[in-house]
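Source file: model_15.csv; contents: CSV, C-alpha atoms and all ligand atoms.
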chain,number,residue,atom,x,y,z
A,1,MET,CA,-59.3,-10.6,12.7
A,2,PHE,CA,-57.4,-10.6,16.0
A,3,GLY,CA,-59.1,-13.4,17.8
A,4,SER,CA,-56.1,-15.7,17.6
A,5,GLU,CA,-53.6,-13.2,18.8
A,6,VAL,CA,-51.7,-14.5,21.8
A,7,VAL,CA,-49.6,-12.8,24.5
A,8,ALA,CA,-46.9,-15.0,26.0
A,9,PHE,CA,-47.9,-16.3,29.4
A,10,ARG,CA,-44.3,-17.2,30.6
A,11,GLY,CA,-41.5,-14.7,31.2
A,12,THR,CA,-39.6,-12.7,33.7
A,13,HIS,CA,-42.7,-10.6,34.4
A,14,GLN,CA,-46.4,-11.5,34.4
A,15,ALA,CA,-48.2,-10.4,31.3
A,16,GLY,CA,-51.0,-7.8,31.7
A,17,VAL,CA,-48.9,-4.9,33.0
A,18,GLU,CA,-46.5,-4.0,30.2
A,19,THR,CA,-48.9,-5.5,27.6
A,20,PRO,CA,-50.6,-2.7,25.5
A,21,GLN,CA,-54.0,-2.3,27.1
A,22,GLN,CA,-56.7,-4.7,26.0
A,23,ALA,CA,-60.2,-3.4,25.5
A,24,HIS,CA,-61.7,-5.3,28.5
A,25,ALA,CA,-60.4,-6.1,32.0
A,26,TRP,CA,-62.2,-7.8,34.8
A,27,PHE,CA,-60.7,-7.6,38.2
A,28,VAL,CA,-61.8,-10.5,40.4
A,29,GLY,CA,-61.2,-10.2,44.1
A,30,LEU,CA,-61.2,-13.6,46.0
A,31,ASP,CA,-60.6,-14.7,49.5
A,32,LEU,CA,-59.1,-18.0,50.6
A,33,LEU,CA,-61.6,-20.2,52.4
A,34,PRO,CA,-61.0,-20.5,56.2
A,35,GLY,CA,-58.3,-23.0,57.2
A,36,ALA,CA,-56.3,-22.7,54.0
A,37,ASP,CA,-52.6,-23.5,54.5
A,38,LEU,CA,-49.5,-23.5,52.5
A,39,ASP,CA,-50.3,-26.8,50.9
A,40,ALA,CA,-53.7,-25.5,49.8
A,41,ALA,CA,-52.2,-22.3,48.4
A,42,GLY,CA,-49.6,-24.4,46.5
A,43,ARG,CA,-52.4,-26.5,45.0
A,44,LEU,CA,-54.3,-23.4,44.0
A,45,MET,CA,-51.3,-21.9,42.3
A,46,ARG,CA,-50.7,-25.1,40.3
A,47,VAL,CA,-54.3,-25.3,39.1
A,48,TRP,CA,-54.5,-21.6,38.2
A,49,THR,CA,-51.1,-21.5,36.5
A,50,ASP,CA,-52.1,-24.5,34.3
A,51,ASP,CA,-55.5,-22.9,33.5
A,52,ALA,CA,-54.0,-19.5,32.8
A,53,GLU,CA,-51.3,-21.0,30.5
A,54,ARG,CA,-53.8,-23.0,28.5
A,55,LEU,CA,-56.4,-20.2,28.2
A,56,THR,CA,-54.0,-17.5,27.3
A,57,GLY,CA,-52.6,-19.8,24.6
A,58,GLY,CA,-56.0,-20.3,23.1
A,59,SER,CA,-56.6,-23.8,24.5
A,60,ALA,CA,-59.3,-25.0,26.8
A,61,ALA,CA,-58.4,-25.6,30.4
A,62,LEU,CA,-58.4,-29.2,31.6
A,63,ALA,CA,-61.9,-29.6,32.9
A,64,ASP,CA,-63.4,-26.9,30.6
A,65,LEU,CA,-66.9,-27.8,29.4
A,66,GLU,CA,-67.3,-24.9,27.0
A,67,VAL,CA,-64.1,-25.6,25.1
A,68,GLU,CA,-65.2,-23.6,22.0
A,69,LEU,CA,-65.1,-20.4,24.1
A,70,ALA,CA,-61.4,-20.8,24.7
A,71,THR,CA,-60.3,-20.6,21.0
A,72,SER,CA,-60.3,-16.8,20.6
A,73,PRO,CA,-57.8,-15.5,23.2
A,74,SER,CA,-57.6,-12.0,21.5
A,75,ARG,CA,-54.5,-11.1,23.6
A,76,LEU,CA,-55.9,-12.7,26.8
A,77,THR,CA,-53.7,-12.1,29.8
A,78,ILE,CA,-54.3,-13.5,33.3
A,79,THR,CA,-52.4,-11.7,36.1
A,80,LEU,CA,-52.3,-12.8,39.7
A,81,GLY,CA,-52.2,-10.4,42.7
A,82,LEU,CA,-51.7,-11.2,46.4
A,83,GLY,CA,-53.2,-9.0,49.1
A,84,LEU,CA,-51.7,-8.5,52.5
A,85,PRO,CA,-54.3,-10.8,54.1
A,86,PHE,CA,-53.0,-13.7,51.9
A,87,PHE,CA,-49.6,-13.3,53.6
A,88,HIS,CA,-51.3,-13.2,57.1
A,89,ALA,CA,-53.4,-16.2,56.5
A,90,LEU,CA,-50.4,-18.3,55.5
A,91,GLY,CA,-48.0,-17.0,58.2
A,92,LEU,CA,-45.9,-15.3,55.5
A,93,ASP,CA,-45.9,-11.8,56.8
A,94,ALA,CA,-42.1,-11.5,56.7
A,95,GLN,CA,-42.3,-12.2,52.9
A,96,ALA,CA,-44.7,-9.4,52.1
A,97,PRO,CA,-43.2,-6.4,50.1
A,98,SER,CA,-42.8,-3.5,52.6
A,99,SER,CA,-45.2,-1.2,50.7
A,100,LEU,CA,-48.1,-3.8,50.6
A,101,GLY,CA,-50.8,-2.9,53.0
A,102,PRO,CA,-53.8,-0.7,53.4
A,103,LEU,CA,-53.4,2.8,52.1
A,104,PRO,CA,-53.8,5.6,54.7
A,105,ALA,CA,-57.4,6.9,55.0
A,106,PHE,CA,-57.8,10.0,52.8
A,107,PRO,CA,-60.5,12.6,53.4
A,108,ILE,CA,-62.0,12.1,50.0
A,109,ASP,CA,-62.6,8.3,50.6
A,110,ARG,CA,-66.3,7.2,50.7
A,111,PHE,CA,-66.0,3.4,50.6
A,112,ASP,CA,-69.4,1.7,50.1
A,113,GLY,CA,-68.2,-1.7,51.5
A,114,ARG,CA,-68.7,-3.5,48.2
A,115,TRP,CA,-65.1,-3.5,47.0
A,116,PRO,CA,-62.9,-4.4,50.1
A,117,GLN,CA,-59.4,-5.6,50.2
A,118,THR,CA,-59.2,-9.3,49.3
A,119,ASP,CA,-56.6,-12.1,49.7
A,120,LEU,CA,-56.2,-12.6,46.0
A,121,LEU,CA,-56.8,-10.8,42.7
A,122,LEU,CA,-57.1,-12.1,39.2
A,123,GLN,CA,-56.8,-9.4,36.5
A,124,VAL,CA,-58.2,-11.0,33.3
A,125,SER,CA,-57.9,-8.9,30.2
A,126,SER,CA,-58.6,-9.4,26.5
A,127,ASP,CA,-59.9,-7.6,23.5
A,128,ASP,CA,-62.9,-9.9,23.5
A,129,VAL,CA,-65.2,-9.7,26.5
A,130,MET,CA,-66.7,-13.2,25.8
A,131,THR,CA,-63.2,-14.6,26.3
A,132,VAL,CA,-62.7,-12.7,29.6
A,133,SER,CA,-66.1,-13.9,30.9
A,134,HIS,CA,-65.2,-17.5,30.0
A,135,ALA,CA,-61.7,-17.3,31.6
A,136,VAL,CA,-63.1,-15.8,34.8
A,137,ARG,CA,-65.7,-18.6,35.0
A,138,VAL,CA,-63.1,-21.3,34.5
A,139,LEU,CA,-60.6,-19.8,37.0
A,140,ALA,CA,-63.3,-19.3,39.7
A,141,ARG,CA,-64.8,-22.7,39.2
A,142,ASP,CA,-61.5,-24.5,39.4
A,143,ALA,CA,-60.7,-22.7,42.6
A,144,ARG,CA,-64.1,-23.3,44.2
A,145,SER,CA,-62.9,-25.7,46.9
A,146,LEU,CA,-60.2,-23.2,48.0
A,147,THR,CA,-61.5,-19.7,47.4
A,148,ARG,CA,-64.6,-17.6,47.2
A,149,VAL,CA,-65.2,-14.7,44.8
A,150,VAL,CA,-65.9,-11.5,46.8
A,151,TRP,CA,-66.4,-9.1,43.9
A,152,ILE,CA,-65.8,-8.6,40.2
A,153,GLN,CA,-65.0,-5.2,38.8
A,154,ARG,CA,-65.7,-5.1,35.0
A,155,GLY,CA,-63.8,-2.5,33.0
A,156,PHE,CA,-63.5,-1.3,29.4
A,157,VAL,CA,-61.7,1.1,27.2
A,158,PRO,CA,-62.6,2.0,23.6
A,159,ALA,CA,-63.0,-1.1,21.5
A,160,ARG,CA,-59.9,-2.3,19.5
A,161,GLY,CA,-59.9,-1.1,15.9
A,162,THR,CA,-62.1,1.9,16.4
A,163,LYS,CA,-59.0,4.2,16.6
A,164,PRO,CA,-55.4,3.7,15.4
A,165,ALA,CA,-53.4,1.5,17.7
A,166,GLY,CA,-51.6,3.5,20.4
A,167,THR,CA,-54.3,6.1,20.7
A,168,THR,CA,-54.6,7.2,24.3
A,169,PRO,CA,-58.1,6.1,25.6
A,170,ARG,CA,-60.7,8.5,26.9
A,171,ASN,CA,-62.4,8.1,30.3
A,172,GLN,CA,-66.1,8.7,31.1
A,173,LEU,CA,-65.5,12.4,31.7
A,174,GLY,CA,-64.5,12.6,28.0
A,175,GLN,CA,-60.8,13.3,28.8
A,176,VAL,CA,-57.8,11.7,27.1
A,177,ASP,CA,-56.5,9.8,30.1
A,178,GLY,CA,-53.1,8.0,30.1
A,179,THR,CA,-50.8,10.5,28.2
A,180,VAL,CA,-48.0,10.8,30.8
A,181,ASN,CA,-47.0,7.3,31.4
A,182,PRO,CA,-43.8,5.2,31.2
A,183,VAL,CA,-43.3,3.7,27.7
A,184,PRO,CA,-43.6,-0.1,27.6
A,185,GLY,CA,-40.3,-1.7,26.7
A,186,SER,CA,-38.2,1.2,27.9
A,187,ALA,CA,-35.6,1.1,30.6
A,188,ASP,CA,-37.6,3.8,32.3
A,189,PHE,CA,-40.7,1.5,32.4
A,190,ALA,CA,-38.6,-1.2,34.0
A,191,ASP,CA,-37.3,1.3,36.7
A,192,VAL,CA,-40.8,2.6,37.5
A,193,VAL,CA,-42.7,-0.7,37.5
A,194,TRP,CA,-40.5,-3.8,38.2
A,195,ALA,CA,-39.3,-4.5,41.7
A,196,GLY,CA,-35.5,-4.8,42.0
A,197,ASP,CA,-35.3,-5.0,45.8
A,198,GLY,CA,-37.4,-6.3,48.7
A,199,PRO,CA,-38.0,-10.0,49.3
A,200,SER,CA,-36.0,-12.2,46.8
A,201,TRP,CA,-39.1,-14.1,45.6
A,202,PHE,CA,-40.6,-10.7,44.6
A,203,GLN,CA,-37.8,-9.5,42.2
A,204,GLY,CA,-39.4,-8.8,38.8
A,205,GLY,CA,-42.9,-8.3,40.4
A,206,THR,CA,-44.7,-5.1,40.9
A,207,MET,CA,-47.4,-3.5,43.2
A,208,LEU,CA,-50.9,-2.5,42.2
A,209,VAL,CA,-53.2,0.1,43.6
A,210,LEU,CA,-56.8,-0.6,42.5
A,211,ARG,CA,-59.2,2.1,43.4
A,212,ARG,CA,-62.8,2.4,42.2
A,213,ILE,CA,-63.5,6.0,41.6
A,214,ARG,CA,-67.0,7.1,41.0
A,215,MET,CA,-67.6,10.1,38.7
A,216,ALA,CA,-70.4,12.6,39.3
A,217,LEU,CA,-71.3,13.2,35.7
A,218,ASP,CA,-74.5,15.1,36.5
A,219,THR,CA,-72.7,17.9,38.2
A,220,TRP,CA,-69.6,17.7,35.9
A,221,GLU,CA,-71.8,18.3,32.9
A,222,ARG,CA,-73.2,21.5,34.4
A,223,MET,CA,-69.7,23.1,34.0
A,224,ALA,CA,-68.7,25.0,30.9
A,225,ARG,CA,-66.1,23.3,28.7
A,226,ASP,CA,-63.3,25.6,29.5
A,227,GLY,CA,-64.0,25.0,33.2
A,228,ARG,CA,-63.7,21.3,32.7
A,229,GLU,CA,-60.4,21.8,30.9
A,230,PHE,CA,-59.1,24.1,33.7
A,231,VAL,CA,-59.7,21.4,36.4
A,232,ILE,CA,-57.3,19.1,34.7
A,233,GLY,CA,-55.0,21.5,32.8
A,234,ARG,CA,-55.5,19.8,29.5
A,235,ARG,CA,-57.8,20.3,26.5
A,236,LEU,CA,-60.7,18.0,26.0
A,237,ALA,CA,-60.4,18.0,22.2
A,238,ASP,CA,-57.0,16.4,21.9
A,239,GLY,CA,-55.6,16.1,25.5
A,240,ALA,CA,-53.0,18.9,24.8
A,241,PRO,CA,-52.0,21.1,27.7
A,242,ILE,CA,-54.1,24.2,28.0
A,243,THR,CA,-50.8,26.1,27.8
A,244,GLY,CA,-50.5,24.9,24.1
A,245,GLY,CA,-49.0,22.3,21.9
A,246,THR,CA,-50.2,18.8,21.2
A,247,GLU,CA,-51.0,15.8,23.4
A,248,ARG,CA,-47.4,14.9,24.0
A,249,SER,CA,-46.1,18.5,24.6
A,250,ALA,CA,-44.8,19.2,28.1
A,251,VAL,CA,-47.2,21.2,30.3
A,252,ASP,CA,-45.8,24.7,30.9
A,253,PHE,CA,-46.3,25.0,34.6
A,254,GLU,CA,-44.8,28.6,34.6
A,255,ALA,CA,-47.2,30.0,32.0
A,256,LYS,CA,-49.5,32.9,33.1
A,257,ASP,CA,-52.9,33.8,31.8
A,258,SER,CA,-53.9,37.3,30.5
A,259,VAL,CA,-54.2,38.7,34.0
A,260,GLY,CA,-51.0,37.2,35.3
A,261,LEU,CA,-52.4,34.3,37.2
A,262,PRO,CA,-51.0,30.7,36.7
A,263,ALA,CA,-52.4,29.3,33.5
A,264,ILE,CA,-52.3,25.9,35.1
A,265,ASP,CA,-54.0,26.4,38.5
A,266,ASP,CA,-52.1,25.6,41.6
A,267,SER,CA,-54.6,22.8,42.3
A,268,ALA,CA,-55.1,21.6,38.7
A,269,HIS,CA,-55.0,17.8,38.5
A,270,VAL,CA,-51.9,17.6,36.3
A,271,ARG,CA,-49.9,20.1,38.4
A,272,LEU,CA,-50.6,18.1,41.6
A,273,ALA,CA,-50.1,14.7,40.0
A,274,HIS,CA,-46.9,15.6,38.1
A,275,ALA,CA,-43.8,14.0,39.6
A,276,ARG,CA,-41.9,16.4,41.9
A,277,ASN,CA,-38.9,14.1,41.8
A,278,PRO,CA,-37.9,11.0,39.7
A,279,ASP,CA,-39.2,8.7,42.4
A,280,GLU,CA,-42.8,9.8,42.1
A,281,ARG,CA,-43.6,7.9,38.9
A,282,ILE,CA,-46.3,5.3,38.4
A,283,LEU,CA,-47.9,3.4,35.5
A,284,ARG,CA,-51.6,4.2,35.1
A,285,ARG,CA,-53.5,1.5,33.2
A,286,GLY,CA,-57.1,2.1,34.3
A,287,TYR,CA,-60.4,1.0,32.9
A,288,SER,CA,-63.9,2.7,32.8
A,289,TYR,CA,-66.9,1.1,34.5
A,290,ASP,CA,-70.6,1.5,33.9
A,291,ASP,CA,-73.0,0.0,36.5
A,292,SER,CA,-76.7,0.1,37.0
A,293,PRO,CA,-77.6,3.4,38.6
A,294,GLY,CA,-79.4,3.8,41.9
A,295,THR,CA,-82.5,6.0,42.2
A,296,ASP,CA,-80.4,9.2,42.6
A,297,SER,CA,-78.8,9.4,39.2
A,298,VAL,CA,-79.3,8.3,35.6
A,299,SER,CA,-75.9,6.6,35.6
A,300,ASP,CA,-73.2,5.1,37.8
A,301,VAL,CA,-69.9,5.4,36.0
A,302,GLY,CA,-66.3,5.9,36.9
A,303,LEU,CA,-62.8,4.7,36.7
A,304,ILE,CA,-61.2,1.5,37.9
A,305,PHE,CA,-58.0,3.3,38.7
A,306,CYS,CA,-55.0,1.0,38.4
A,307,ALA,CA,-51.5,2.2,39.3
A,308,TYR,CA,-48.5,-0.1,39.1
A,309,ALA,CA,-45.2,0.8,40.8
A,310,ALA,CA,-42.2,-1.0,42.3
A,311,ASP,CA,-42.8,0.7,45.6
A,312,LEU,CA,-46.1,2.3,46.6
A,313,ASP,CA,-44.8,4.3,49.6
A,314,ARG,CA,-42.1,6.0,47.5
A,315,GLN,CA,-43.8,6.3,44.2
A,316,PHE,CA,-47.6,6.4,44.6
A,317,LEU,CA,-48.4,7.8,48.1
A,318,PRO,CA,-46.9,11.3,47.6
A,319,ILE,CA,-49.0,11.8,44.5
A,320,GLN,CA,-52.2,10.5,46.1
A,321,ARG,CA,-51.6,12.7,49.3
A,322,ARG,CA,-51.4,15.8,47.2
A,323,LEU,CA,-54.5,14.9,45.1
A,324,ALA,CA,-56.5,14.0,48.2
A,325,ALA,CA,-55.7,17.3,49.9
A,326,ARG,CA,-56.8,19.7,47.1
A,327,ASP,CA,-57.2,18.3,43.6
A,328,LEU,CA,-59.7,20.5,41.7
A,329,LEU,CA,-61.2,17.3,40.3
A,330,ASN,CA,-62.2,16.0,43.8
A,331,PRO,CA,-65.8,17.4,43.8
A,332,TRP,CA,-66.5,15.1,40.8
A,333,THR,CA,-64.6,12.0,41.7
A,334,THR,CA,-65.1,9.8,44.8
A,335,PRO,CA,-63.2,6.7,45.7
A,336,VAL,CA,-65.8,4.1,46.7
A,337,GLY,CA,-63.4,1.2,47.0
A,338,SER,CA,-59.7,0.6,47.4
A,339,ALA,CA,-57.2,-2.4,47.6
A,340,THR,CA,-53.5,-3.0,47.0
A,341,TYR,CA,-51.8,-6.2,45.7
A,342,ALA,CA,-48.4,-7.5,45.2
A,343,ILE,CA,-48.1,-8.8,41.6
A,344,PRO,CA,-45.7,-11.7,41.7
A,345,PRO,CA,-43.0,-12.0,39.0
A,346,GLY,CA,-43.6,-14.2,36.0
A,347,THR,CA,-42.9,-17.9,35.7
A,348,GLN,CA,-40.7,-20.1,33.6
A,349,PRO,CA,-42.2,-23.2,31.8
A,350,GLY,CA,-43.3,-25.9,34.2
A,351,GLN,CA,-43.2,-23.5,37.2
A,352,PRO,CA,-46.4,-22.5,39.1
A,353,TRP,CA,-47.1,-19.0,40.2
A,354,CYS,CA,-45.4,-18.1,43.5
A,355,GLN,CA,-43.0,-21.0,43.6
A,356,GLY,CA,-40.4,-18.8,45.2
A,357,LEU,CA,-42.8,-17.7,47.9
A,358,LEU,CA,-44.6,-20.9,48.7
A,359,GLY,CA,-41.8,-23.3,47.8
A,360,ALA,CA,-44.4,-25.5,46.1
B,1,LIG,C1,-61.4,9.5,38.4
B,1,LIG,C2,-60.2,9.9,38.8
B,1,LIG,C3,-59.2,10.5,37.8
B,1,LIG,C4,-59.3,11.0,36.6
B,1,LIG,C5,-60.6,11.3,35.8
B,1,LIG,C6,-58.0,11.4,36.1
B,1,LIG,C7,-57.8,12.0,34.9
B,1,LIG,C8,-56.5,12.4,34.5
B,1,LIG,C9,-56.2,13.1,33.2
B,1,LIG,C10,-57.3,13.5,32.2
B,1,LIG,C11,-54.9,13.3,33.1
B,1,LIG,C12,-54.2,14.1,32.0
B,1,LIG,C13,-53.7,13.2,30.9
B,1,LIG,C14,-52.7,12.1,31.3
B,1,LIG,O1,-51.5,12.4,31.5
B,1,LIG,O2,-53.1,11.0,31.5
B,1,LIG,C15,-54.3,12.8,34.3
B,1,LIG,C16,-53.0,12.8,34.6
B,1,LIG,C17,-52.4,12.1,35.7
B,1,LIG,N1,-53.1,11.6,36.8
B,1,LIG,FE1,-55.1,11.4,36.9
B,1,LIG,N2,-57.1,11.1,37.1
B,1,LIG,C18,-57.7,10.5,38.1
B,1,LIG,C19,-57.2,10.0,39.3
B,1,LIG,C20,-55.8,10.0,39.5
B,1,LIG,C21,-55.3,9.4,40.7
B,1,LIG,C22,-56.0,8.8,41.9
B,1,LIG,C23,-53.9,9.5,40.6
B,1,LIG,C24,-52.8,9.0,41.5
B,1,LIG,C25,-52.9,9.0,42.8
B,1,LIG,C26,-53.6,10.1,39.3
B,1,LIG,C27,-52.4,10.4,38.8
B,1,LIG,C28,-52.2,11.0,37.6
B,1,LIG,C29,-50.8,11.3,37.1
B,1,LIG,C30,-49.5,10.8,37.7
B,1,LIG,C31,-51.0,12.0,35.9
B,1,LIG,C32,-49.9,12.5,35.0
B,1,LIG,C33,-49.4,13.9,35.5
B,1,LIG,C34,-48.4,14.6,34.7
B,1,LIG,O3,-47.2,14.3,35.0
B,1,LIG,O4,-48.7,15.3,33.8
B,1,LIG,N3,-54.9,10.4,38.7
B,1,LIG,N4,-55.3,12.2,35.1
Any chance you could give the structure as structure tokens?
Amino acid sequence: MFGSEVVAFRGTHQAGVETPQQAHAWFVGLDLLPGADLDAAGRLMRVWTDDAERLTGGSAALADLEVELATSPSRLTITLGLGLPFFHALGLDAQAPSSLGPLPAFPIDRFDGRWPQTDLLLQVSSDDVMTVSHAVRVLARDARSLTRVVWIQRGFVPARGTKPAGTTPRNQLGQVDGTVNPVPGSADFADVVWAGDGPSWFQGGTMLVLRRIRMALDTWERMARDGREFVIGRRLADGAPITGGTERSAVDFEAKDSVGLPAIDDSAHVRLAHARNPDERILRRGYSYDDSPGTDSVSDVGLIFCAYAADLDRQFLPIQRRLAARDLLNPWTTPVGSATYAIPPGTQPGQPWCQGLLGA
């Protein structure tokens, strides 16, 4: 039984980034209602912080009418993000981290208009989807006079307890996805993820790129298994490099195949995504989605791609540029939505979210 497990809400950093991945995450994009000012934003933060502290601790929020649904947090975390339009709306542009803003347009983008940039993001994650659903309802309802929900992206990874803890999840293409990542709790993780410069209120925060990437399973499944492994450069069975070893072995980018060609293709996903210098590192903590299909396919599945990094221009963009230009995976993966958020630092007891920014 893990229903009563709690992740600390207070701390230097917000929970939900370094936290070992929960089975479910809902990403809720919200806009401020027209006319919102600094006072309103301060009120919103006080309400949400109180709700989030109670819910993540396994207690009902103040005006909760379904109190019994709050008693199984199952490692519930509630993480706040701020989009660039939030800073514009409140006249706080000078306080926005420099790498916050729309990503450049990439030739692979096919946005369908349903997942635009929003002012605010709530990332609500737990091992129990009922808990997530209840928390999202409470947070949205309590902010009803100040915000409007624009979209909800519901994501999942394999259920807790089905594999040993620490097993790298698989995505909807069947691949082991998340092997090369900074290790939570390490100094390396802190360097990659937590902001140490930029506006003073943002120290200890991070940046999030949230991209909804649709997978073309129908055409992917037409390819032979070794072709599907070649596209990435790793084996489907265990996630090991196709150049040999086990999941955690380094990829041998110099290896040649039997006719002398690179064993890892020049455009294989891992070759292009691999850091070319120590700056190009990100934390990937994505979730799968599965929506109702349209009439053209039997499924609509993909990845809610989440990359966290202290600075997106320095760490994320060089990787994304290379992948957008010629990743072998591109014919089967299409970004249909994209947004970026500043994830403010954590809070100390009694302090609302964004106190350093809003002065509330
Ligand atoms: C649906 C789209 C995507 C799929 C299915 C996918 C899948 C994978 C898989 C299977 C791996 C190898 C195992 C691992 O290390 O996790 C991998 C590695 C990686 N991917 Fe992706 N990926 C996608 C999109 C992206 C995007 C958009 C980025 C960044 C812009 C990215 C960055 C990386 C990085 C940095 C690695 C580790 C490379 C290394 O150093 O070996 N991926 N991806």
task: With all atoms listed in the file counted, collect every polymer residue having an atom within 6 Å of ligand LIG 1 (chain B); state the result as a count of residues only.
output: 15
task: Mind checking which residues fall within 6 Å of Phe156 (chain A), counting all atoms listed in the file, ignoring those fewer than 2 positions away in the same chain, and posting them as a list in words?
output: Ala23, His24, Tyr287 and Ser288 of chain A
- request: Compile the contact shell of Trp332 (chain A) as an NGL selection string: residues with an atom at most 12 Å away, counting only C-alpha atoms, same-chain residues fewer than 3 positions apart removed.
  value: :A and (108 or 172-173 or 213-223 or 228 or 231-232 or 301-303 or 327-329 or 335)
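What separates CA of Met207 (chain A) from CA of Ala52 (chain A) is a distance of 20.2 Å.
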query: How far is it from CA of Gly233 (chain A) to CA of Leu317 (chain A), in Å with one decimal?
result: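 These two atoms are separated by 21.6 Å.
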message: With only C-alpha atoms as the counted atoms, please give the residues lying no more than 12 Å from Asp142 (chain A), apart from itself and same-chain residues fewer than 5 positions off, as a PyMOL selection string.
response: chain A and resi 43-52+61-65+135-137+147-149
task: Find, counting all atoms listed in the file, the residue in A:Ser200, A:Thr12, A:Gln22, A:Ser338 that gets nearest to Pro116 (chain A).
output: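 Closest candidate: A:Ser338.
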field: From A:His13, A:His88, A:Arg114, A:Arg170, residue lying nearest Leu236 (chain A) [all atoms listed in the file]
entry: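 Smallest separation from Leu236 (chain A) among the options: A:Arg170.
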query: Hey, what's within 9 Å of Ala89 (chain A) if we count only C-alpha atoms and toss same-chain stuff fewer than 5 positions away? As a list in words, please?
result: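 Counting only C-alpha atoms, the residues come to Leu32, Pro34, Gly35, Ala36, Asp37, Leu84 and Asp119 of chain A.
Nearest-residue note for Ser99 (chain A): choosing from A:Ala41, A:Val192, A:Ala309, A:Ala143, the minimum distance belongs to A:Ala309, counting all atoms listed in the file.
Our summary of the geometry notes that CA of Met130 (chain A) is positioned 23.0 Å from CA of Arg212 (chain A).
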message: Which residues are close to region 122-126 of chain A, i.e. within 9 Å by only C-alpha atoms, leaving aside same-chain residues fewer than 6 positions away? Reply as a VMD selection string.
response: chain A and resid 16 21 to 30 73 to 81 132 to 133 135 to 136 139
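Closest approach to Val336 (chain A) from the set A:His269, A:Gly227, A:Phe202, A:Ile304 is made by A:Ile304, with distances taken over only C-alpha atoms.
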task: Would you please work out which residue, of A:Ile264, A:Gly245, A:Pro102, A:Arg225, is nearest to Ala342 (chain A) when using all atoms listed in the file?
output: A:Pro102
query: So, counting only C-alpha atoms, which residue among A:Ala240, A:Leu82, A:Ala339, A:Cys354 is closest to Ala96 (chain A)?
result: A:Leu82
Taking all heavy atoms as the atom set, what does region 80-84 of chain A look like once completed, written as an mmCIF file, in the coordinates of the input?
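Everything below was put into part12.cif:
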data_model
loop_
_atom_site.group_PDB
_atom_site.id
_atom_site.type_symbol
_atom_site.label_atom_id
_atom_site.label_comp_id
_atom_site.auth_asym_id
_atom_site.auth_seq_id
_atom_site.Cartn_x
_atom_site.Cartn_y
_atom_site.Cartn_z
ATOM 1 N N LEU A 80 -51.974 -12.464 38.293
ATOM 2 C CA LEU A 80 -52.300 -12.800 39.700
ATOM 3 C C LEU A 80 -51.788 -11.668 40.617
ATOM 4 O O LEU A 80 -50.681 -11.154 40.432
ATOM 5 C CB LEU A 80 -51.583 -14.084 40.073
ATOM 6 C CG LEU A 80 -51.629 -14.468 41.551
ATOM 7 C CD1 LEU A 80 -53.000 -15.026 41.916
ATOM 8 C CD2 LEU A 80 -50.529 -15.476 41.897
ATOM 9 N N GLY A 81 -52.590 -11.342 41.623
ATOM 10 C CA GLY A 81 -52.200 -10.400 42.700
ATOM 11 C C GLY A 81 -52.400 -11.016 44.043
ATOM 12 O O GLY A 81 -53.345 -11.793 44.227
ATOM 13 N N LEU A 82 -51.555 -10.647 45.012
ATOM 14 C CA LEU A 82 -51.700 -11.200 46.400
ATOM 15 C C LEU A 82 -51.883 -9.971 47.326
ATOM 16 O O LEU A 82 -51.063 -9.043 47.347
ATOM 17 C CB LEU A 82 -50.413 -11.902 46.801
ATOM 18 C CG LEU A 82 -49.891 -12.992 45.852
ATOM 19 C CD1 LEU A 82 -48.561 -13.550 46.375
ATOM 20 C CD2 LEU A 82 -50.919 -14.117 45.719
ATOM 21 N N GLY A 83 -52.960 -10.005 48.109
ATOM 22 C CA GLY A 83 -53.200 -9.000 49.100
ATOM 23 C C GLY A 83 -52.503 -9.284 50.402
ATOM 24 O O GLY A 83 -52.162 -10.451 50.661
ATOM 25 N N LEU A 84 -52.345 -8.284 51.259
ATOM 26 C CA LEU A 84 -51.700 -8.500 52.500
ATOM 27 C C LEU A 84 -52.348 -9.645 53.350
ATOM 28 O O LEU A 84 -51.660 -10.465 53.971
ATOM 29 C CB LEU A 84 -51.585 -7.220 53.341
ATOM 30 C CG LEU A 84 -50.715 -7.281 54.590
ATOM 31 C CD1 LEU A 84 -49.274 -7.670 54.260
ATOM 32 C CD2 LEU A 84 -50.745 -5.943 55.329
#
